[in-house]
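Enquirer: Structure: my_file-v8.txt, compact mmCIF, C-alpha atoms.
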```txt
# COMPACT_ATOMS: atom_id res chain seq x y z
CA MET A 1 0.00 0.00 0.00
CA GLU A 2 1.23 3.49 -0.82
CA GLU A 3 2.85 5.26 2.11
CA LEU A 4 0.75 8.38 2.73
CA CYS A 5 1.82 11.36 4.77
CA ARG A 6 -0.37 11.84 7.85
CA LEU A 7 -2.48 15.00 7.74
CA LEU A 8 -2.51 16.42 11.27
CA ASN A 9 -4.75 19.50 11.00
CA ALA A 10 -5.63 22.37 8.68
CA GLY A 11 -7.39 25.72 8.59
CA ARG A 12 -7.77 29.07 6.91
CA PHE A 13 -6.34 32.27 8.40
CA ILE A 14 -7.91 35.70 7.76
CA SER A 15 -6.10 38.75 9.15
CA ARG A 16 -7.68 41.75 10.84
CA GLY A 17 -4.41 43.68 10.49
CA LYS A 18 -2.95 42.83 13.89
CA GLY A 19 0.07 40.82 15.04
CA ARG A 20 2.41 38.68 12.98
CA HIS A 21 3.15 34.99 12.49
CA ALA A 22 4.68 33.57 15.68
CA THR A 23 8.38 32.69 15.72
CA ARG A 24 8.66 29.01 16.60
CA VAL A 25 10.13 25.59 15.90
CA ILE A 26 7.62 22.79 15.25
CA ASP A 27 7.87 19.02 14.79
CA SER A 28 5.78 18.80 11.61
CA TYR A 29 5.85 20.05 8.02
CA GLU A 30 3.57 23.04 7.39
CA LEU A 31 2.12 23.80 3.96
CA ILE A 32 0.83 27.36 3.37
CA LEU A 33 -1.09 28.71 0.35
CA VAL A 34 -1.70 32.48 0.21
CA ILE A 35 -5.13 33.53 -1.08
CA ALA A 36 -4.99 37.33 -0.67
CA GLY A 37 -2.46 39.91 0.50
CA THR A 38 1.24 39.41 1.19
CA LEU A 39 2.57 37.07 3.89
CA ARG A 40 6.14 37.89 4.95
CA MET A 41 7.99 35.05 6.67
CA PHE A 42 11.40 33.56 7.29
CA GLU A 43 12.79 30.08 7.81
CA GLU A 44 16.27 30.12 9.35
CA GLU A 45 18.26 32.43 6.99
CA SER A 46 15.72 32.46 4.15
CA GLU A 47 13.04 35.18 3.82
CA PHE A 48 9.84 34.97 1.80
CA ALA A 49 7.22 37.47 0.59
CA LEU A 50 4.34 35.23 -0.38
CA GLN A 51 1.83 36.68 -2.85
CA PRO A 52 -1.58 35.24 -3.84
CA GLY A 53 -1.00 31.87 -5.47
CA ASP A 54 2.36 31.32 -3.75
CA ARG A 55 2.87 28.28 -1.55
CA LEU A 56 5.45 27.54 1.11
CA LEU A 57 6.36 24.22 2.73
CA LEU A 58 8.15 24.73 6.06
CA ARG A 59 10.28 21.93 7.52
CA PRO A 60 10.25 20.57 11.07
CA GLY A 61 13.06 21.45 13.45
CA LEU A 62 13.83 24.77 11.75
CA ARG A 63 13.05 28.16 13.27
CA HIS A 64 10.46 30.13 11.29
CA GLY A 65 8.14 33.09 11.81
CA GLY A 66 6.87 36.39 10.47
CA THR A 67 9.13 39.25 9.37
CA ALA A 68 6.34 41.89 9.32
CA ALA A 69 2.92 42.50 10.79
CA TYR A 70 -0.07 40.90 9.11
CA GLU A 71 -1.73 43.29 6.69
CA PRO A 72 -5.53 43.71 6.74
CA GLY A 73 -7.25 41.28 4.41
CA LEU A 74 -4.35 38.81 4.34
CA SER A 75 -5.74 35.30 3.93
CA PHE A 76 -4.01 31.95 3.64
CA TYR A 77 -4.68 28.24 4.04
CA TRP A 78 -2.41 26.10 6.21
CA CYS A 79 -2.04 22.42 7.08
CA HIS A 80 0.44 20.25 8.97
CA TYR A 81 1.89 16.91 7.88
CA ARG A 82 3.92 14.20 9.54
CA PRO A 83 5.67 11.57 7.39
CA ARG A 84 4.93 7.91 8.11
CA GLY A 85 8.25 6.65 6.80
CA GLU A 86 11.26 7.46 4.67
CA VAL A 87 9.34 7.52 1.37
CA SER A 88 6.82 10.09 2.57
CA ARG A 89 9.60 12.10 4.24
CA GLU A 90 11.53 12.28 0.96
CA ARG A 91 8.38 13.43 -0.84
CA LEU A 92 7.90 16.27 1.64
CA GLU A 93 11.56 17.26 1.57
CA ALA A 94 11.44 17.49 -2.23
CA LEU A 95 8.72 20.15 -1.94
CA ALA A 96 10.30 22.18 0.87
CA GLY A 97 10.53 25.92 0.27
CA MET A 98 8.55 28.37 -1.81
CA GLY A 99 6.84 27.86 -5.16
CA LYS A 100 4.27 29.51 -7.42
CA SER A 101 1.08 27.49 -7.80
CA ALA A 102 0.36 26.47 -11.38
CA ARG A 103 -3.38 26.21 -10.59
CA PRO A 104 -4.13 28.40 -7.55
CA GLU A 105 -7.92 28.09 -7.85
CA ARG A 106 -7.70 24.29 -7.93
CA PHE A 107 -5.19 24.34 -5.06
CA SER A 108 -7.56 26.50 -3.02
CA ASP A 109 -10.52 24.23 -3.74
CA CYS A 110 -8.50 21.19 -2.63
CA PHE A 111 -7.92 22.95 0.70
CA GLY A 112 -11.64 23.63 0.93
CA MET A 113 -12.49 19.95 0.46
CA LEU A 114 -9.92 18.98 3.09
CA LEU A 115 -11.41 21.42 5.61
CA ALA A 116 -14.90 20.05 4.95
CA GLU A 117 -13.63 16.50 5.57
CA GLN A 118 -11.86 17.63 8.74
CA ARG A 119 -15.06 19.26 9.98
CA ASP A 120 -17.01 16.04 9.35
CA ARG A 121 -14.44 14.03 11.28
CA GLU A 122 -14.47 16.45 14.23
CA SER A 123 -18.27 16.33 14.38
CA GLY A 124 -18.25 12.53 14.45
CA SER A 125 -19.99 12.13 11.08
CA ALA A 126 -18.58 10.61 7.90
CA GLY A 127 -15.05 12.06 7.99
CA SER A 128 -12.07 9.72 8.31
CA GLN A 129 -8.31 10.00 8.76
CA ARG A 130 -7.78 7.98 5.60
CA ARG A 131 -9.72 10.51 3.51
CA LEU A 132 -7.89 13.37 5.22
CA ASP A 133 -4.59 11.78 4.27
CA LEU A 134 -5.72 11.26 0.67
CA LEU A 135 -6.83 14.88 0.38
CA GLY A 136 -3.52 15.89 1.93
CA GLU A 137 -1.76 13.93 -0.83
CA LEU A 138 -3.86 15.80 -3.40
CA LEU A 139 -2.56 19.09 -1.95
CA LEU A 140 1.01 17.83 -2.19
CA SER A 141 0.37 16.90 -5.81
CA GLU A 142 -0.78 20.47 -6.49
CA ALA A 143 2.30 21.77 -4.64
CA ALA A 144 4.51 19.62 -6.85
CA GLU A 145 2.95 21.15 -9.98
CA SER A 146 3.87 24.58 -8.66
CA CYS A 147 7.55 23.76 -9.12
CA ALA A 148 7.19 24.17 -12.90
CA ALA A 149 6.05 27.76 -12.43
CA ARG A 150 9.20 28.98 -10.70
CA PRO A 151 11.38 31.68 -12.34
CA GLY A 152 13.59 30.33 -15.12
CA ASN A 153 10.81 28.23 -16.65
CA GLU A 154 8.58 30.94 -18.09
CA PRO A 155 5.79 29.96 -20.53
CA ASP A 156 5.83 30.88 -24.21
CA PRO A 157 4.71 34.53 -24.65
CA LEU A 158 1.84 33.58 -26.99
CA ALA A 159 0.58 30.92 -24.58
CA GLU A 160 0.80 33.42 -21.70
CA ARG A 161 -1.14 36.01 -23.72
CA ALA A 162 -3.83 33.39 -24.35
CA ARG A 163 -4.03 32.57 -20.64
CA ARG A 164 -4.35 36.26 -19.70
CA TYR A 165 -7.06 36.75 -22.32
CA ILE A 166 -9.05 33.82 -20.92
CA LYS A 167 -8.83 35.23 -17.39
CA LEU A 168 -10.10 38.62 -18.59
CA HIS A 169 -12.85 37.41 -20.96
CA TYR A 170 -13.98 34.03 -19.56
CA GLU A 171 -17.59 35.23 -19.15
CA GLU A 172 -17.81 35.97 -22.88
CA SER A 173 -18.48 33.46 -25.68
CA ILE A 174 -14.92 32.31 -26.38
CA SER A 175 -13.41 29.17 -27.90
CA THR A 176 -10.05 28.02 -29.19
CA ALA A 177 -10.97 29.35 -32.65
CA SER A 178 -12.12 32.78 -31.44
CA LEU A 179 -9.11 33.09 -29.14
CA ALA A 180 -6.76 32.21 -32.01
CA GLY A 181 -8.48 34.88 -34.09
CA GLU A 182 -7.84 37.48 -31.37
CA LEU A 183 -4.18 36.45 -31.19
CA ARG A 184 -3.79 36.11 -34.98
CA CYS A 185 -2.62 32.52 -35.06
CA HIS A 186 -3.98 29.16 -36.21
CA PRO A 187 -6.31 27.38 -33.73
CA ASP A 188 -4.47 24.05 -34.04
CA TYR A 189 -1.12 25.71 -33.35
CA LEU A 190 -2.53 27.58 -30.36
CA GLY A 191 -4.07 24.39 -28.97
CA ARG A 192 -0.80 22.46 -29.21
CA LEU A 193 1.23 25.35 -27.77
CA TYR A 194 -1.15 25.84 -24.86
CA ARG A 195 -1.14 22.17 -23.89
CA LYS A 196 2.64 22.01 -24.18
CA ASN A 197 3.07 25.00 -21.83
CA PHE A 198 0.29 24.43 -19.31
CA GLY A 199 -0.62 20.73 -19.63
CA ILE A 200 -4.27 21.52 -20.37
CA SER A 201 -6.36 22.26 -23.46
CA VAL A 202 -7.68 25.74 -24.18
CA THR A 203 -11.26 24.51 -23.75
CA ASP A 204 -10.49 22.93 -20.40
CA GLU A 205 -8.73 26.13 -19.29
CA ILE A 206 -11.75 28.25 -20.21
CA ASN A 207 -14.03 25.93 -18.23
CA ARG A 208 -11.59 25.79 -15.31
CA VAL A 209 -11.50 29.60 -15.04
CA ARG A 210 -15.29 29.76 -15.32
CA VAL A 211 -15.74 27.17 -12.58
CA ALA A 212 -13.28 29.08 -10.37
CA ALA A 213 -15.37 32.24 -10.88
CA ALA A 214 -18.48 30.26 -9.98
CA CYS A 215 -16.77 29.00 -6.82
CA ARG A 216 -16.03 32.56 -5.74
CA ALA A 217 -19.64 33.58 -6.35
CA LEU A 218 -20.94 30.57 -4.42
CA ARG A 219 -18.73 31.52 -1.48
CA GLU A 220 -19.30 35.27 -1.55
CA THR A 221 -22.85 35.88 -2.86
CA GLY A 222 -26.37 34.61 -2.30
CA LYS A 223 -27.14 34.31 -6.01
CA SER A 224 -28.80 31.16 -7.33
CA VAL A 225 -26.74 28.44 -8.99
CA LYS A 226 -28.41 29.25 -12.31
CA GLU A 227 -27.52 32.95 -12.07
CA ILE A 228 -23.93 32.13 -11.15
CA ALA A 229 -23.56 29.64 -13.99
CA PHE A 230 -24.69 32.11 -16.65
CA GLU A 231 -22.66 35.00 -15.23
CA ALA A 232 -19.56 32.77 -15.29
CA GLY A 233 -20.03 32.15 -19.03
CA PHE A 234 -21.94 28.85 -19.12
CA ASN A 235 -24.98 28.83 -21.43
CA ASP A 236 -26.11 25.34 -20.41
CA LEU A 237 -26.91 24.69 -16.73
CA ALA A 238 -26.57 20.91 -17.04
CA TYR A 239 -23.15 21.29 -18.69
CA PHE A 240 -22.12 23.70 -15.93
CA ARG A 241 -23.05 21.13 -13.26
CA ARG A 242 -21.03 18.42 -15.03
CA ARG A 243 -17.98 20.65 -15.40
CA PHE A 244 -18.27 21.84 -11.81
CA PHE A 245 -18.35 18.29 -10.50
CA ARG A 246 -15.38 17.38 -12.70
CA GLU A 247 -13.30 20.26 -11.30
CA CYS A 248 -14.41 20.22 -7.65
CA GLY A 249 -15.64 16.67 -7.02
CA LEU A 250 -19.03 17.81 -5.68
CA SER A 251 -22.14 19.69 -6.80
CA PRO A 252 -22.41 23.50 -6.68
CA ALA A 253 -25.02 23.28 -3.91
CA ARG A 254 -22.84 20.96 -1.81
CA TYR A 255 -19.82 23.17 -2.44
CA ARG A 256 -21.69 26.20 -1.10
CA ALA A 257 -22.98 24.30 1.95
CA GLU A 258 -19.53 22.99 2.86
CA ARG A 259 -17.83 26.39 2.47
CA ASP A 260 -20.42 27.93 4.80
CA GLY A 261 -18.98 25.75 7.56
CA GLU A 262 -15.30 26.23 6.74
CA HIS A 263 -12.93 26.50 9.72
CA VAL A 264 -11.42 29.99 9.89
CA ASN A 265 -8.99 31.45 12.40
CA THR A 266 -7.68 35.01 12.92
CA GLU A 267 -5.03 36.66 15.11
```
What is this structure when it is put down as structure tokens?

Expert:
Amino acid sequence: MEELCRLLNAGRFISRGKGRHATRVIDSYELILVIAGTLRMFEEESEFALQPGDRLLLRPGLRHGGTAAYEPGLSFYWCHYRPRGEVSRERLEALAGMGKSARPERFSDCFGMLLAEQRDRESGSAGSQRRLDLLGELLLSEAAESCAARPGNEPDPLAERARRYIKLHYEESISTASLAGELRCHPDYLGRLYRKNFGISVTDEINRVRVAAACRALRETGKSVKEIAFEAGFNDLAYFRRRFFRECGLSPARYRAERDGEHVNTE
């Protein structure tokens, strides 16, 4: 059986603009993903200024803490791991340090699912340590993908322009062909280039960004699922539900219900 890291606990931190991260030495690995604001930290002699989408894996036995006060609105997810053996320890060590998430929305949603499972386990319902560990492994998989986004491995400029265009115009009627027309290139060439650079098709990227926008609306507004789907760019509600389940592993209604009970801590 695969040797999984043990997921100890997890949460989401939202700052009110007071205090800073405590200086400490812990006996577990800590994975952090910044959602909003800038988190300034150090680990031994290394300093980090984590921006939205950045992740950091801190190692046990090393002194770490904040280098500046929390800014108002700073938000980040955190979780702690303990290896079960040498294989899982090597996997954690390989991810130690800072990286830029290749799919921050997906990374964030994985954290959300983990927190929902943790809440179920704490309440004595269906949650289990095994599922927590599996979701923890999913987070580590997302962290591993972030390595490809570090400086020195920049995407092709045309592929990056396509990605920026999708993020700005996802709610419009766009496709690989229309995007290629905007960028003045052939659709087949753009499709191959995009997959080569980002490991995903243009169509899947459009749907991924739309689902991420829907997730934000489900968390932050009281609009109906139908309203949210159409505002995110989906013209077919049934298709939206299928794509949402494919990306998030649960229905829009269940996603909203579970985020309403998400564990949050502040200073």

Enquirer: Could you please determine the separation between atom CA of A:Phe245 and atom CA of A:Glu142 in Å, to one decimal place?

Expert: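 Separation between atom CA of A:Phe245 and atom CA of A:Glu142: 18.2 Å.
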
Enquirer: Got a sec: who's within 10 Å of stretch 195-207 of chain A, counting all atoms listed in the file, leaving out chain neighbours fewer than 2 positions off, as an NGL selection string?

Expert: :A and (102-103 or 148-149 or 153-156 or 159-160 or 162-163 or 165-167 or 169-171 or 174-177 or 179 or 187 or 190-193 or 209-213 or 232-234 or 240 or 243-244 or 247)

Enquirer: Between atom CA of A:Arg12 and atom CA of A:Lys226, what distance in Å does the model show, to one decimal?

Expert: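 Separating atom CA of A:Arg12 from atom CA of A:Lys226 is a distance of 28.2 Å.
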
Enquirer: So what do you get for atom CA of A:Pro52 versus atom CA of A:Trp78, distance-wise?

Expert: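 Result for atom CA of A:Pro52 versus atom CA of A:Trp78: 13.6 Å, one decimal.
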
Enquirer: Could you tell me which of A:Met98, A:Met113, A:Leu92, A:Leu4 comes closest to A:Met41 if we count all atoms listed in the file?

Expert: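 Of A:Met98, A:Met113, A:Leu92, A:Leu4, the one nearest A:Met41 is A:Met98, counting all atoms listed in the file.
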
Enquirer: Adding 3 Å on each side of the box along x, y and z that holds all listed atoms of stretch 192-207 of chain A, could you give its centre and edge lengths in Å to one decimal, as AutoDock Vina command-line options?

Expert:
```
--center_x -5.5 --center_y 24.5 --center_z -23.7 --size_x 23.1 --size_y 13.5 --size_z 17.0
```

Enquirer: From the list A:Arg16, A:Phe111, A:Leu33, A:Ser123, which residue is nearest A:Leu74 when using only C-alpha atoms?

Expert: A:Arg16

Enquirer: Which one is closest to A:Ala69: A:Ser251, A:Thr38, A:Asn9, A:Gln118? Count all atoms listed in the file.

Expert: A:Thr38

Enquirer: Find the residue from A:Ala143, A:Leu95, A:Val25, A:Leu134 that sits nearest to A:Arg6; use all atoms listed in the file when measuring.

Expert: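 Smallest separation from A:Arg6 among the options: A:Leu134.
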
Enquirer: Looking at A:Gly37, A:Gly112, A:Pro252, A:Pro83, which one is nearest to A:Tyr70, with distances taken over only C-alpha atoms?

Expert: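 When distances to A:Tyr70 are compared using only C-alpha atoms, the smallest one comes from A:Gly37.
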
Enquirer: Which is closest to A:Gly73 among A:Ile14, A:Ala96, A:Leu158, A:Leu140, if we use all atoms listed in the file?

Expert: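 Answer, going by the shortest atom-to-atom distance: A:Ile14.
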